[in-house]
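So this block is data.txt, compact mmCIF, C-alpha atoms:
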# COMPACT_ATOMS: atom_id res chain seq x y z
CA MET A 217 134.84 177.91 -89.08
CA GLU A 218 133.22 176.87 -92.37
CA TYR A 219 135.12 175.86 -95.46
CA LEU A 220 134.38 175.85 -99.18
CA ILE A 221 136.68 174.86 -102.03
CA GLY A 222 136.36 174.70 -105.81
CA ILE A 223 138.77 173.40 -108.47
CA GLN A 224 138.14 173.82 -112.20
CA GLY A 225 139.46 171.30 -114.69
CA PRO A 226 139.44 171.35 -118.51
CA ASP A 227 135.92 169.89 -118.70
CA PHE A 228 134.63 169.76 -115.11
CA VAL A 229 134.44 171.67 -111.83
CA LEU A 230 135.06 169.89 -108.53
CA VAL A 231 133.61 171.45 -105.38
CA ALA A 232 133.59 170.51 -101.72
CA ALA A 233 132.14 171.95 -98.51
CA ASP A 234 132.45 170.94 -94.88
CA ASN A 235 129.47 169.31 -93.15
CA VAL A 236 129.37 171.08 -89.81
CA ALA A 237 126.44 173.28 -88.79
CA ALA A 238 127.67 175.08 -85.68
CA SER A 239 126.13 177.39 -83.12
CA SER A 240 128.67 179.07 -80.83
CA ILE A 241 130.84 176.19 -79.58
CA ILE A 242 128.41 173.38 -80.39
CA GLN A 243 128.28 171.26 -83.58
CA MET A 244 124.52 170.99 -84.08
CA LYS A 245 124.78 168.82 -87.19
CA HIS A 246 127.64 166.73 -88.62
CA ASP A 247 126.02 166.02 -91.98
CA TYR A 248 124.82 169.43 -93.11
CA ASP A 249 124.82 170.10 -96.86
CA LYS A 250 125.98 173.63 -97.79
CA MET A 251 125.44 173.20 -101.53
CA PHE A 252 122.33 174.44 -103.32
CA LYS A 253 121.40 173.10 -106.75
CA LEU A 254 120.48 176.11 -108.88
CA SER A 255 119.92 174.11 -112.06
CA GLU A 256 120.98 170.86 -113.71
CA LYS A 257 124.56 172.06 -114.09
CA ILE A 258 124.99 174.85 -111.54
CA LEU A 259 125.76 174.53 -107.82
CA LEU A 260 125.88 177.36 -105.31
CA LEU A 261 128.02 176.79 -102.21
CA CYS A 262 127.04 179.18 -99.44
CA VAL A 263 128.49 179.95 -96.00
CA GLY A 264 128.14 182.90 -93.65
CA GLU A 265 125.74 184.21 -91.06
CA ALA A 266 123.08 181.89 -89.70
CA GLY A 267 119.76 182.31 -91.43
CA ASP A 268 121.17 184.56 -94.16
CA THR A 269 122.84 181.63 -95.94
CA VAL A 270 119.76 179.51 -96.53
CA GLN A 271 117.50 182.50 -97.11
CA PHE A 272 119.75 184.10 -99.74
CA ALA A 273 120.70 180.84 -101.45
CA GLU A 274 117.09 179.67 -101.68
CA TYR A 275 116.09 183.07 -103.05
CA ILE A 276 118.68 182.77 -105.84
CA GLN A 277 117.72 179.13 -106.42
CA LYS A 278 114.03 179.94 -106.86
CA ASN A 279 114.75 182.87 -109.15
CA VAL A 280 116.99 180.77 -111.39
CA GLN A 281 114.23 178.17 -111.58
CA LEU A 282 111.70 180.92 -112.37
CA TYR A 283 113.86 182.15 -115.25
CA LYS A 284 113.80 178.64 -116.72
CA MET A 285 110.01 178.44 -116.38
CA ARG A 286 109.44 181.84 -117.96
CA ASN A 287 111.92 181.61 -120.80
CA GLY A 288 112.14 177.90 -121.55
CA TYR A 289 115.92 177.69 -121.13
CA GLU A 290 118.29 177.88 -118.19
CA LEU A 291 120.50 180.75 -117.07
CA SER A 292 124.17 180.16 -117.88
CA PRO A 293 126.58 179.92 -114.94
CA ALA A 294 128.05 183.32 -115.81
CA ALA A 295 124.62 184.92 -115.91
CA ALA A 296 123.61 183.25 -112.66
CA ALA A 297 126.80 184.44 -110.99
CA ASN A 298 126.26 188.02 -112.10
CA PHE A 299 122.61 187.87 -111.06
CA THR A 300 123.67 186.65 -107.61
CA ARG A 301 126.30 189.36 -107.30
CA LYS A 302 123.81 192.06 -108.28
CA ASN A 303 121.38 190.90 -105.59
CA LEU A 304 124.13 190.84 -102.98
CA ALA A 305 125.22 194.35 -104.04
CA ASP A 306 121.69 195.73 -103.92
CA TYR A 307 121.19 194.44 -100.38
CA LEU A 308 124.65 195.51 -99.23
CA ARG A 309 123.78 199.14 -98.60
CA SER A 310 120.28 198.43 -97.32
CA ARG A 311 119.11 197.99 -93.75
CA THR A 312 119.41 194.22 -94.09
CA PRO A 313 122.60 193.21 -95.89
CA TYR A 314 123.23 189.49 -96.38
CA HIS A 315 126.48 188.33 -94.84
CA VAL A 316 127.23 185.35 -97.10
CA ASN A 317 130.33 184.05 -98.91
CA LEU A 318 129.69 182.03 -102.03
CA LEU A 319 131.23 179.79 -104.64
CA LEU A 320 129.20 179.26 -107.80
CA ALA A 321 130.27 176.32 -109.95
CA GLY A 322 128.71 175.41 -113.26
CA TYR A 323 129.08 173.89 -116.67
CA ASP A 324 128.00 175.89 -119.69
CA ASP A 325 127.37 173.86 -122.85
CA THR A 326 129.05 176.57 -124.97
CA ASP A 327 131.74 177.98 -122.68
CA GLY A 328 132.59 174.89 -120.65
CA PRO A 329 133.22 174.71 -116.90
CA GLY A 330 133.33 177.84 -114.71
CA LEU A 331 134.01 178.63 -111.06
CA TYR A 332 133.00 181.98 -109.59
CA TYR A 333 134.13 183.35 -106.23
CA MET A 334 131.85 185.86 -104.45
CA ASP A 335 132.07 187.39 -101.01
CA TYR A 336 129.75 189.29 -98.69
CA LEU A 337 130.88 192.65 -100.11
CA SER A 338 129.59 191.37 -103.46
CA SER A 339 132.92 191.09 -105.20
CA LEU A 340 132.89 188.59 -108.09
CA ALA A 341 135.85 186.84 -109.65
CA LYS A 342 136.04 183.96 -112.10
CA ALA A 343 138.90 181.76 -110.96
CA PRO A 344 140.46 178.38 -111.75
CA PHE A 345 140.40 177.49 -108.05
CA ALA A 346 139.04 179.19 -104.94
CA ALA A 347 138.32 178.68 -101.25
CA HIS A 348 136.39 180.39 -98.45
CA GLY A 349 136.83 180.35 -94.70
CA TYR A 350 139.81 180.24 -92.34
CA GLY A 351 140.76 176.98 -94.03
CA ALA A 352 141.52 178.97 -97.18
CA TYR A 353 144.58 180.49 -95.46
CA LEU A 354 146.03 177.00 -95.22
CA THR A 355 144.95 175.58 -98.57
CA LEU A 356 145.22 178.33 -101.21
CA SER A 357 148.99 177.94 -101.29
CA ILE A 358 148.60 174.20 -101.84
CA LEU A 359 146.36 174.98 -104.78
CA ASP A 360 148.87 177.54 -106.09
CA ARG A 361 151.64 174.94 -105.86
CA TYR A 362 149.97 171.91 -107.36
CA TYR A 363 147.14 173.18 -109.60
CA ARG A 364 147.40 172.73 -113.34
CA PRO A 365 144.75 173.72 -115.89
CA ASP A 366 144.85 170.22 -117.41
CA LEU A 367 144.12 168.25 -114.22
CA SER A 368 142.27 164.98 -114.68
CA ARG A 369 139.31 164.21 -112.43
CA ASP A 370 141.34 161.85 -110.25
CA GLU A 371 144.18 164.36 -109.95
CA ALA A 372 141.69 167.04 -108.90
CA VAL A 373 140.24 164.75 -106.24
CA ASP A 374 143.78 164.02 -105.02
CA LEU A 375 144.47 167.75 -104.82
CA LEU A 376 141.26 168.15 -102.83
CA LYS A 377 142.39 165.35 -100.50
CA LYS A 378 145.73 167.14 -100.02
CA CYS A 379 143.83 170.24 -98.92
CA GLY A 380 141.63 168.20 -96.58
CA GLU A 381 144.67 166.53 -95.02
CA GLU A 382 146.30 169.89 -94.39
CA LEU A 383 143.17 171.14 -92.64
CA ASN A 384 143.06 167.97 -90.58
CA LYS A 385 146.70 168.43 -89.63
CA ARG A 386 146.95 172.18 -88.96
CA PHE A 387 143.51 173.72 -88.64
CA ILE A 388 142.56 174.25 -85.00
CA LEU A 389 138.91 173.33 -85.58
CA ASN A 390 137.75 169.81 -86.30
CA LEU A 391 136.17 169.39 -89.75
CA PRO A 392 135.71 165.65 -89.95
CA SER A 393 133.93 165.32 -93.27
CA PHE A 394 133.29 167.13 -96.56
CA THR A 395 130.56 166.72 -99.18
CA VAL A 396 132.19 166.47 -102.61
CA ARG A 397 130.44 167.02 -105.95
CA LEU A 398 131.60 167.21 -109.56
CA ILE A 399 129.90 169.09 -112.40
CA ASP A 400 130.55 168.24 -116.03
CA LYS A 401 128.61 168.16 -119.28
CA GLU A 402 126.53 165.25 -117.95
CA GLY A 403 125.40 167.26 -114.92
CA ILE A 404 126.04 167.18 -111.19
CA HIS A 405 127.58 164.01 -109.72
CA ASP A 406 127.83 163.15 -106.02
CA LEU A 407 131.28 161.82 -105.20
CA GLU A 408 132.31 159.93 -102.10
CA LYS A 409 132.34 162.02 -98.92
CA LEU A 410 135.82 163.02 -97.88
CA THR A 411 136.29 161.83 -94.29
CA LEU A 412 139.52 162.46 -92.41
CA GLY A 413 140.21 160.46 -89.30
CA THR A 414 142.93 160.87 -86.72
CA LYS A 415 146.13 162.63 -87.75
CA MET B 153 111.29 176.96 -76.44
CA SER B 154 114.24 178.87 -75.04
CA GLY B 155 115.26 182.52 -75.08
CA SER B 156 112.69 185.22 -74.48
CA ALA B 157 109.52 183.83 -72.95
CA ALA B 158 107.47 186.52 -74.66
CA ASP B 159 108.84 185.73 -78.11
CA CYS B 160 108.42 182.00 -77.63
CA GLN B 161 104.83 182.27 -76.44
CA TYR B 162 103.80 184.77 -79.10
CA TRP B 163 105.41 183.26 -82.18
CA GLU B 164 104.55 179.68 -81.30
CA ARG B 165 100.92 180.64 -80.69
CA LEU B 166 100.98 182.38 -84.08
CA LEU B 167 102.50 179.24 -85.61
CA ALA B 168 99.70 177.16 -84.05
CA LYS B 169 97.18 179.47 -85.69
CA GLU B 170 98.85 179.11 -89.09
CA CYS B 171 99.02 175.33 -88.77
CA ARG B 172 95.33 175.16 -87.87
CA LEU B 173 94.46 177.36 -90.87
CA TYR B 174 96.56 175.08 -93.10
CA ARG B 175 94.62 172.04 -91.90
CA LEU B 176 91.29 173.77 -92.53
CA ARG B 177 92.27 175.05 -95.97
CA ASN B 178 94.04 171.96 -97.29
CA ASN B 179 92.19 169.17 -95.50
CA HIS B 180 95.34 167.45 -94.33
CA ARG B 181 97.72 168.14 -91.47
CA ILE B 182 100.72 170.32 -92.14
CA SER B 183 104.07 168.53 -92.40
CA VAL B 184 106.80 169.08 -89.80
CA ALA B 185 109.08 170.55 -92.47
CA ALA B 186 106.44 173.06 -93.56
CA ALA B 187 105.50 174.06 -90.01
CA SER B 188 109.14 174.65 -89.10
CA LYS B 189 109.68 176.64 -92.31
CA LEU B 190 106.69 178.87 -91.44
CA LEU B 191 108.27 179.63 -88.08
CA SER B 192 111.73 180.24 -89.49
CA ASN B 193 110.33 182.61 -92.11
CA MET B 194 108.53 184.52 -89.35
CA MET B 195 111.90 184.88 -87.63
CA LEU B 196 113.59 185.99 -90.84
CA GLY B 197 110.96 188.67 -91.32
CA TYR B 198 112.24 190.29 -88.15
CA ARG B 199 115.96 189.78 -88.64
CA GLY B 200 118.11 192.33 -86.90
CA MET B 201 115.25 193.49 -84.69
CA GLY B 202 116.27 191.65 -81.52
CA LEU B 203 113.96 188.65 -81.37
CA SER B 204 115.27 185.90 -79.11
CA MET B 205 113.94 182.40 -79.57
CA GLY B 206 115.47 178.94 -79.80
CA SER B 207 112.91 176.24 -80.36
CA MET B 208 112.34 172.75 -81.63
CA ILE B 209 109.37 171.68 -83.72
CA CYS B 210 108.69 168.00 -83.37
CA GLY B 211 105.92 165.99 -84.93
CA TRP B 212 104.78 163.13 -87.06
CA ASP B 213 103.76 163.35 -90.71
CA LYS B 214 103.68 161.07 -93.74
CA GLU B 215 107.49 160.99 -93.80
CA GLY B 216 107.43 159.60 -90.25
CA PRO B 217 108.75 161.35 -87.13
CA GLY B 218 110.34 164.75 -87.66
CA LEU B 219 112.41 167.11 -85.54
CA TYR B 220 113.52 170.60 -86.53
CA TYR B 221 115.54 173.18 -84.62
CA VAL B 222 114.50 176.80 -85.41
CA ASP B 223 116.01 179.92 -83.90
CA ASP B 224 115.74 183.71 -84.05
CA ASN B 225 118.54 183.96 -86.68
CA GLY B 226 116.37 181.97 -89.05
CA THR B 227 118.51 178.86 -88.70
CA ARG B 228 116.42 175.76 -89.46
CA LEU B 229 118.02 172.34 -89.04
CA SER B 230 116.56 168.87 -89.35
CA GLY B 231 118.09 166.29 -87.05
CA ARG B 232 117.70 163.43 -84.64
CA MET B 233 118.69 165.24 -81.47
CA PHE B 234 118.96 168.89 -80.44
CA SER B 235 119.30 170.90 -77.27
CA THR B 236 118.73 174.66 -76.94
CA GLY B 237 119.15 177.35 -74.34
CA CYS B 238 122.12 178.55 -72.33
CA GLY B 239 122.52 175.17 -70.63
CA ASN B 240 122.46 173.27 -73.94
CA SER B 241 126.13 172.30 -73.89
CA TYR B 242 125.70 170.46 -70.59
CA ALA B 243 122.68 168.61 -71.92
CA TYR B 244 124.56 167.63 -75.11
CA GLY B 245 127.35 166.20 -72.97
CA VAL B 246 125.08 163.91 -70.97
CA VAL B 247 122.77 162.90 -73.81
CA ASP B 248 125.56 162.26 -76.36
CA SER B 249 127.52 160.08 -73.97
CA GLY B 250 124.47 158.12 -72.80
CA TYR B 251 122.94 157.64 -76.26
CA LYS B 252 122.59 154.08 -77.57
CA GLU B 253 121.43 153.19 -81.06
CA ASN B 254 118.52 150.91 -80.05
CA MET B 255 117.30 152.46 -76.82
CA THR B 256 113.93 151.50 -75.43
CA VAL B 257 111.36 154.22 -74.82
CA GLU B 258 111.92 154.06 -71.05
CA GLU B 259 115.69 154.41 -71.51
CA ALA B 260 115.07 157.43 -73.73
CA TYR B 261 112.82 159.02 -71.10
CA GLU B 262 115.56 158.55 -68.49
CA LEU B 263 118.22 160.00 -70.80
CA GLY B 264 116.08 163.07 -71.44
CA ARG B 265 115.44 163.49 -67.74
CA ARG B 266 119.18 163.18 -67.04
CA GLY B 267 120.06 165.72 -69.73
CA ILE B 268 117.80 168.37 -68.26
CA ALA B 269 118.67 167.61 -64.64
CA HIS B 270 122.42 167.82 -65.22
CA ALA B 271 122.10 170.97 -67.32
CA THR B 272 120.04 172.71 -64.65
CA HIS B 273 122.56 171.63 -62.02
CA ARG B 274 125.47 173.32 -63.81
CA ASP B 275 123.77 176.24 -65.56
CA ALA B 276 122.77 179.09 -63.28
CA TYR B 277 119.96 180.24 -65.55
CA SER B 278 118.21 176.90 -65.91
CA GLY B 279 116.04 175.10 -63.36
CA GLY B 280 112.58 174.27 -62.16
CA VAL B 281 110.87 171.19 -63.53
CA VAL B 282 111.34 168.67 -66.30
CA ASN B 283 108.22 168.72 -68.47
CA MET B 284 108.52 165.65 -70.68
CA TYR B 285 106.38 164.98 -73.72
CA HIS B 286 106.48 161.96 -76.01
CA MET B 287 105.33 162.57 -79.59
CA GLN B 288 103.84 159.34 -80.85
CA GLU B 289 102.38 158.57 -84.25
CA ASP B 290 98.84 159.41 -83.16
CA GLY B 291 99.63 162.40 -80.99
CA TRP B 292 101.57 163.55 -77.96
CA ILE B 293 101.43 162.28 -74.39
CA LYS B 294 102.75 164.01 -71.32
CA VAL B 295 105.22 161.66 -69.68
CA CYS B 296 106.14 163.49 -66.50
CA LYS B 297 106.57 166.76 -64.63
CA GLU B 298 109.44 166.33 -62.17
CA ASP B 299 111.20 168.84 -59.97
CA VAL B 300 114.92 168.98 -60.88
CA SER B 301 116.10 169.40 -57.30
CA GLU B 302 114.45 166.11 -56.42
CA LEU B 303 115.99 164.45 -59.50
CA ILE B 304 119.48 165.70 -58.64
CA HIS B 305 119.02 164.43 -55.08
CA LYS B 306 118.06 161.05 -56.52
CA TYR B 307 121.12 161.06 -58.84
CA ARG B 308 123.57 162.38 -56.24
CA LYS B 309 125.06 158.98 -55.33
CA GLY B 310 126.40 158.45 -58.84
CA MET B 311 127.66 162.04 -59.18
CA PHE B 312 130.94 163.57 -58.14

Would you kindly transcribe this structure into structure tokens?
Amino acid sequence: MEYLIGIQGPDFVLVAADNVAASSIIQMKHDYDKMFKLSEKILLLCVGEAGDTVQFAEYIQKNVQLYKMRNGYELSPAAAANFTRKNLADYLRSRTPYHVNLLLAGYDDTDGPGLYYMDYLSSLAKAPFAAHGYGAYLTLSILDRYYRPDLSRDEAVDLLKKCGEELNKRFILNLPSFTVRLIDKEGIHDLEKLTLGTK
Amino acid sequence: MSGSAADCQYWERLLAKECRLYRLRNNHRISVAAASKLLSNMMLGYRGMGLSMGSMICGWDKEGPGLYYVDDNGTRLSGRMFSTGCGNSYAYGVVDSGYKENMTVEEAYELGRRGIAHATHRDAYSGGVVNMYHMQEDGWIKVCKEDVSELIHKYRKGMF
């Protein structure tokens, strides 16, 4: 039902998430933000079981902030991703596993942009593009077909729009709008919401 | 409150206790966001243990009016309109279609009444009375306590 997507460029990462907060067959909110700001240049996109998502994401968010307070500098995106994965793995075989699927996007001043895909079984993969949710079945092939490592920001947004249009056309569930953000060396930027009207 | 009556009564009474303690300790009233977060964290402490509660915390703080939906999964959502319980879909239908941007207070009362009445008409597990409260800036007032069967009788001319 929920959808996350990330596209990495040569010096940026573009991420988007749908805005629906659903309960059974009802859309309880149409403007829900599924992105959590871990630090100035790291975003965590989180979907999954109700309650678990916010709880787990806020836990990671607070711990990343704590690291900065204790040590005086921020965790890198790679370190944050591995920290997140370790937490997910530790809880996996406990009485209360967290059923969450994540995308972690960040910009490291030394290594550049990075996009990390994680799922509820605590697998972790660094990827040039990634998606979560049923929508991924429709859009990953579009990303395979049109992605290039040297995409410009506008081309990446166009690719994102292509994915959104496909969901609007073929996905059985209505996902009317998506929050879009871009991370680069300047930090996190809010881009215009992607809204798709009638087909 | 919807779901298990026992859970609703217990946890909301516990929340009232915590809010009162907050006021005594900090010398100002707790915000709606904080109160709802206290409740949702109580729910999360018991995740997987079969609690059943769907509730809405509504109030007024320095940010203005606030409404939060909190349930037994630990879901906590801020919004302008929510409905909970097994008849919630019916209530959403009536309230969404009758909603106008600049409603008067009386129109809002009637819309709320309609939402509950129509939901209790269609949903087998809902019924009884409409207890309506209006949360104003300086506190809540009880607006009405109306029997739904009488309301449905009143509305029957306009219904199918």

Define the interface residues of chain B facing chain A as those within 12 Å, counting all atoms listed in the file, and report them as a compact mmCIF listing (two decimals) with C-alpha atoms, in the coordinates of the input.
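Heads up, here's the output in out_20.txt:
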# COMPACT_ATOMS: atom_id res chain seq x y z
CA LYS B 189 109.68 176.64 -92.31
CA SER B 192 111.73 180.24 -89.49
CA ASN B 193 110.33 182.61 -92.11
CA MET B 194 108.53 184.52 -89.35
CA MET B 195 111.90 184.88 -87.63
CA LEU B 196 113.59 185.99 -90.84
CA GLY B 197 110.96 188.67 -91.32
CA TYR B 198 112.24 190.29 -88.15
CA ARG B 199 115.96 189.78 -88.64
CA GLY B 200 118.11 192.33 -86.90
CA MET B 201 115.25 193.49 -84.69
CA GLY B 206 115.47 178.94 -79.80
CA TYR B 220 113.52 170.60 -86.53
CA TYR B 221 115.54 173.18 -84.62
CA VAL B 222 114.50 176.80 -85.41
CA ASP B 223 116.01 179.92 -83.90
CA ASP B 224 115.74 183.71 -84.05
CA ASN B 225 118.54 183.96 -86.68
CA GLY B 226 116.37 181.97 -89.05
CA THR B 227 118.51 178.86 -88.70
CA ARG B 228 116.42 175.76 -89.46
CA LEU B 229 118.02 172.34 -89.04
CA SER B 230 116.56 168.87 -89.35
CA GLY B 231 118.09 166.29 -87.05
CA ARG B 232 117.70 163.43 -84.64
CA MET B 233 118.69 165.24 -81.47
CA PHE B 234 118.96 168.89 -80.44
CA SER B 235 119.30 170.90 -77.27
CA THR B 236 118.73 174.66 -76.94
CA GLY B 237 119.15 177.35 -74.34
CA CYS B 238 122.12 178.55 -72.33
CA GLY B 239 122.52 175.17 -70.63
CA ASN B 240 122.46 173.27 -73.94
CA SER B 241 126.13 172.30 -73.89
CA TYR B 242 125.70 170.46 -70.59
CA ALA B 243 122.68 168.61 -71.92
CA TYR B 244 124.56 167.63 -75.11
CA GLY B 245 127.35 166.20 -72.97
CA ASP B 248 125.56 162.26 -76.36

Long-range neighbours of Leu308 (chain A) as a CSV table (one decimal) with C-alpha atoms, keeping the file's coordinate frame, 10 Å cut-off, all atoms listed in the file, 5 positions minimum in chain:
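Written output follows (around01.csv):
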chain,number,residue,atom,x,y,z
A,302,LYS,CA,123.8,192.1,-108.3
A,303,ASN,CA,121.4,190.9,-105.6
A,313,PRO,CA,122.6,193.2,-95.9
A,314,TYR,CA,123.2,189.5,-96.4
A,315,HIS,CA,126.5,188.3,-94.8
A,336,TYR,CA,129.8,189.3,-98.7
A,337,LEU,CA,130.9,192.6,-100.1
A,338,SER,CA,129.6,191.4,-103.5

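Picture a line from CA of Glu218 (chain A) to CA of Val263 (chain A); it runs 6.7 Å.
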
Just the residues within 8 Å of region 361-375 of chain A, please, counting only C-alpha atoms, with nothing from its chain fewer than 4 positions along; format it as a PDB file with C-alpha atoms, in the coordinates of the input.
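part.pdb was written with the following content:
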ATOM      1  CA  ILE A 223     138.770 173.400-108.470  1.00  0.00           C
ATOM      2  CA  GLN A 224     138.140 173.820-112.200  1.00  0.00           C
ATOM      3  CA  GLY A 225     139.460 171.300-114.690  1.00  0.00           C
ATOM      4  CA  PRO A 226     139.440 171.350-118.510  1.00  0.00           C
ATOM      5  CA  PHE A 228     134.630 169.760-115.110  1.00  0.00           C
ATOM      6  CA  LEU A 230     135.060 169.890-108.530  1.00  0.00           C
ATOM      7  CA  PRO A 344     140.460 178.380-111.750  1.00  0.00           C
ATOM      8  CA  SER A 357     148.990 177.940-101.290  1.00  0.00           C
ATOM      9  CA  CYS A 379     143.830 170.240 -98.920  1.00  0.00           C
TER      10      CYS A 379
END

Inset, instruction - List every protein, DNA or RNA residue with an atom no more than 9 Å from (132.9, 171.5, -112.9) in the file's coordinates, counting only C-alpha atoms, and format the result as a list in words. - result: Gly222, Ile223, Gln224, Gly225, Pro226, Asp227, Phe228, Val229, Leu230, Val231, Lys257, Ile258, Ala321, Gly322, Tyr323, Gly328, Pro329, Gly330, Leu331, Arg397, Leu398, Ile399, Asp400, Lys401, Gly403 and Ile404 of chain A

Inset, instruction - Within 10 Å of region 284-290 of chain A, counting only C-alpha atoms, which residues show up once you throw out same-chain ones fewer than 3 positions away? Write them as a PyMOL selection string, please. - result: chain A and resi 254-258+278-281+293+295-296

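Here CA of Glu408 (chain A) and CA of Ser393 (chain A) stand 10.5 Å from one another.
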
Inset, instruction - Would you kindly return, as a list in words, each protein, DNA or RNA residue with an atom no farther than 8 Å from any atom of Leu320 (chain A), considering only C-alpha atoms and excluding same-chain residues fewer than 6 positions away? - result: Ile258, Leu259, Leu260, Leu261, Pro293, Ala297, Leu331, Tyr332, Tyr333 and Met334 of chain A

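With CA of His405 (chain A) on one side and CA of Phe299 (chain A) on the other, the separation reads 24.4 Å.
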
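Distances here use all atoms listed in the file; by that measure, the residue among B:Arg172, B:Lys294, B:Arg181, B:Arg308 closest to Ala269 (chain B) is B:Arg308.
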
Enclosing box along x, y and z for every listed atom of region 297-302 of chain B, padded 6 Å each side, centre and size in Å, one decimal, as AutoDock Vina command-line options:
--center_x 111.3 --center_y 167.8 --center_z -60.5 --size_x 21.5 --size_y 15.3 --size_z 20.2

Generate N, CA and C atoms for region 229-245 of chain A and emit them as a PDB file, keeping the file's coordinate frame.
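Output contents, as saved in result-v7.pdb:
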ATOM      1  N   VAL A 229     134.096 170.885-113.030  1.00  0.00           N
ATOM      2  CA  VAL A 229     134.440 171.670-111.830  1.00  0.00           C
ATOM      3  C   VAL A 229     134.203 170.754-110.635  1.00  0.00           C
ATOM      4  N   LEU A 230     135.170 170.696-109.740  1.00  0.00           N
ATOM      5  CA  LEU A 230     135.060 169.890-108.530  1.00  0.00           C
ATOM      6  C   LEU A 230     134.861 170.836-107.359  1.00  0.00           C
ATOM      7  N   VAL A 231     133.844 170.579-106.542  1.00  0.00           N
ATOM      8  CA  VAL A 231     133.610 171.450-105.380  1.00  0.00           C
ATOM      9  C   VAL A 231     133.429 170.604-104.131  1.00  0.00           C
ATOM     10  N   ALA A 232     133.784 171.198-103.000  1.00  0.00           N
ATOM     11  CA  ALA A 232     133.590 170.510-101.720  1.00  0.00           C
ATOM     12  C   ALA A 232     133.264 171.539-100.644  1.00  0.00           C
ATOM     13  N   ALA A 233     132.487 171.093 -99.641  1.00  0.00           N
ATOM     14  CA  ALA A 233     132.140 171.950 -98.510  1.00  0.00           C
ATOM     15  C   ALA A 233     132.140 171.102 -97.251  1.00  0.00           C
ATOM     16  N   ASP A 234     132.468 171.713 -96.122  1.00  0.00           N
ATOM     17  CA  ASP A 234     132.450 170.940 -94.880  1.00  0.00           C
ATOM     18  C   ASP A 234     131.000 170.681 -94.466  1.00  0.00           C
ATOM     19  N   ASN A 235     130.816 169.762 -93.504  1.00  0.00           N
ATOM     20  CA  ASN A 235     129.470 169.310 -93.150  1.00  0.00           C
ATOM     21  C   ASN A 235     129.002 169.733 -91.776  1.00  0.00           C
ATOM     22  N   VAL A 236     129.718 170.720 -91.185  1.00  0.00           N
ATOM     23  CA  VAL A 236     129.370 171.080 -89.810  1.00  0.00           C
ATOM     24  C   VAL A 236     128.410 172.270 -89.796  1.00  0.00           C
ATOM     25  N   ALA A 237     127.309 172.126 -89.053  1.00  0.00           N
ATOM     26  CA  ALA A 237     126.440 173.280 -88.790  1.00  0.00           C
ATOM     27  C   ALA A 237     126.649 173.605 -87.315  1.00  0.00           C
ATOM     28  N   ALA A 238     127.280 174.753 -87.055  1.00  0.00           N
ATOM     29  CA  ALA A 238     127.670 175.080 -85.680  1.00  0.00           C
ATOM     30  C   ALA A 238     126.864 176.238 -85.129  1.00  0.00           C
ATOM     31  N   SER A 239     126.729 176.246 -83.811  1.00  0.00           N
ATOM     32  CA  SER A 239     126.130 177.390 -83.120  1.00  0.00           C
ATOM     33  C   SER A 239     127.004 177.642 -81.907  1.00  0.00           C
ATOM     34  N   SER A 240     127.708 178.754 -81.887  1.00  0.00           N
ATOM     35  CA  SER A 240     128.670 179.070 -80.830  1.00  0.00           C
ATOM     36  C   SER A 240     129.709 177.950 -80.759  1.00  0.00           C
ATOM     37  N   ILE A 241     129.794 177.218 -79.666  1.00  0.00           N
ATOM     38  CA  ILE A 241     130.840 176.190 -79.580  1.00  0.00           C
ATOM     39  C   ILE A 241     130.312 174.788 -79.854  1.00  0.00           C
ATOM     40  N   ILE A 242     129.023 174.696 -80.224  1.00  0.00           N
ATOM     41  CA  ILE A 242     128.410 173.380 -80.390  1.00  0.00           C
ATOM     42  C   ILE A 242     128.261 173.033 -81.872  1.00  0.00           C
ATOM     43  N   GLN A 243     128.577 171.754 -82.228  1.00  0.00           N
ATOM     44  CA  GLN A 243     128.280 171.260 -83.580  1.00  0.00           C
ATOM     45  C   GLN A 243     126.855 170.741 -83.523  1.00  0.00           C
ATOM     46  N   MET A 244     125.904 171.443 -84.161  1.00  0.00           N
ATOM     47  CA  MET A 244     124.520 170.990 -84.080  1.00  0.00           C
ATOM     48  C   MET A 244     124.228 169.882 -85.081  1.00  0.00           C
ATOM     49  N   LYS A 245     124.937 169.895 -86.209  1.00  0.00           N
ATOM     50  CA  LYS A 245     124.780 168.820 -87.190  1.00  0.00           C
ATOM     51  C   LYS A 245     126.148 168.463 -87.747  1.00  0.00           C
TER      52      LYS A 245
END
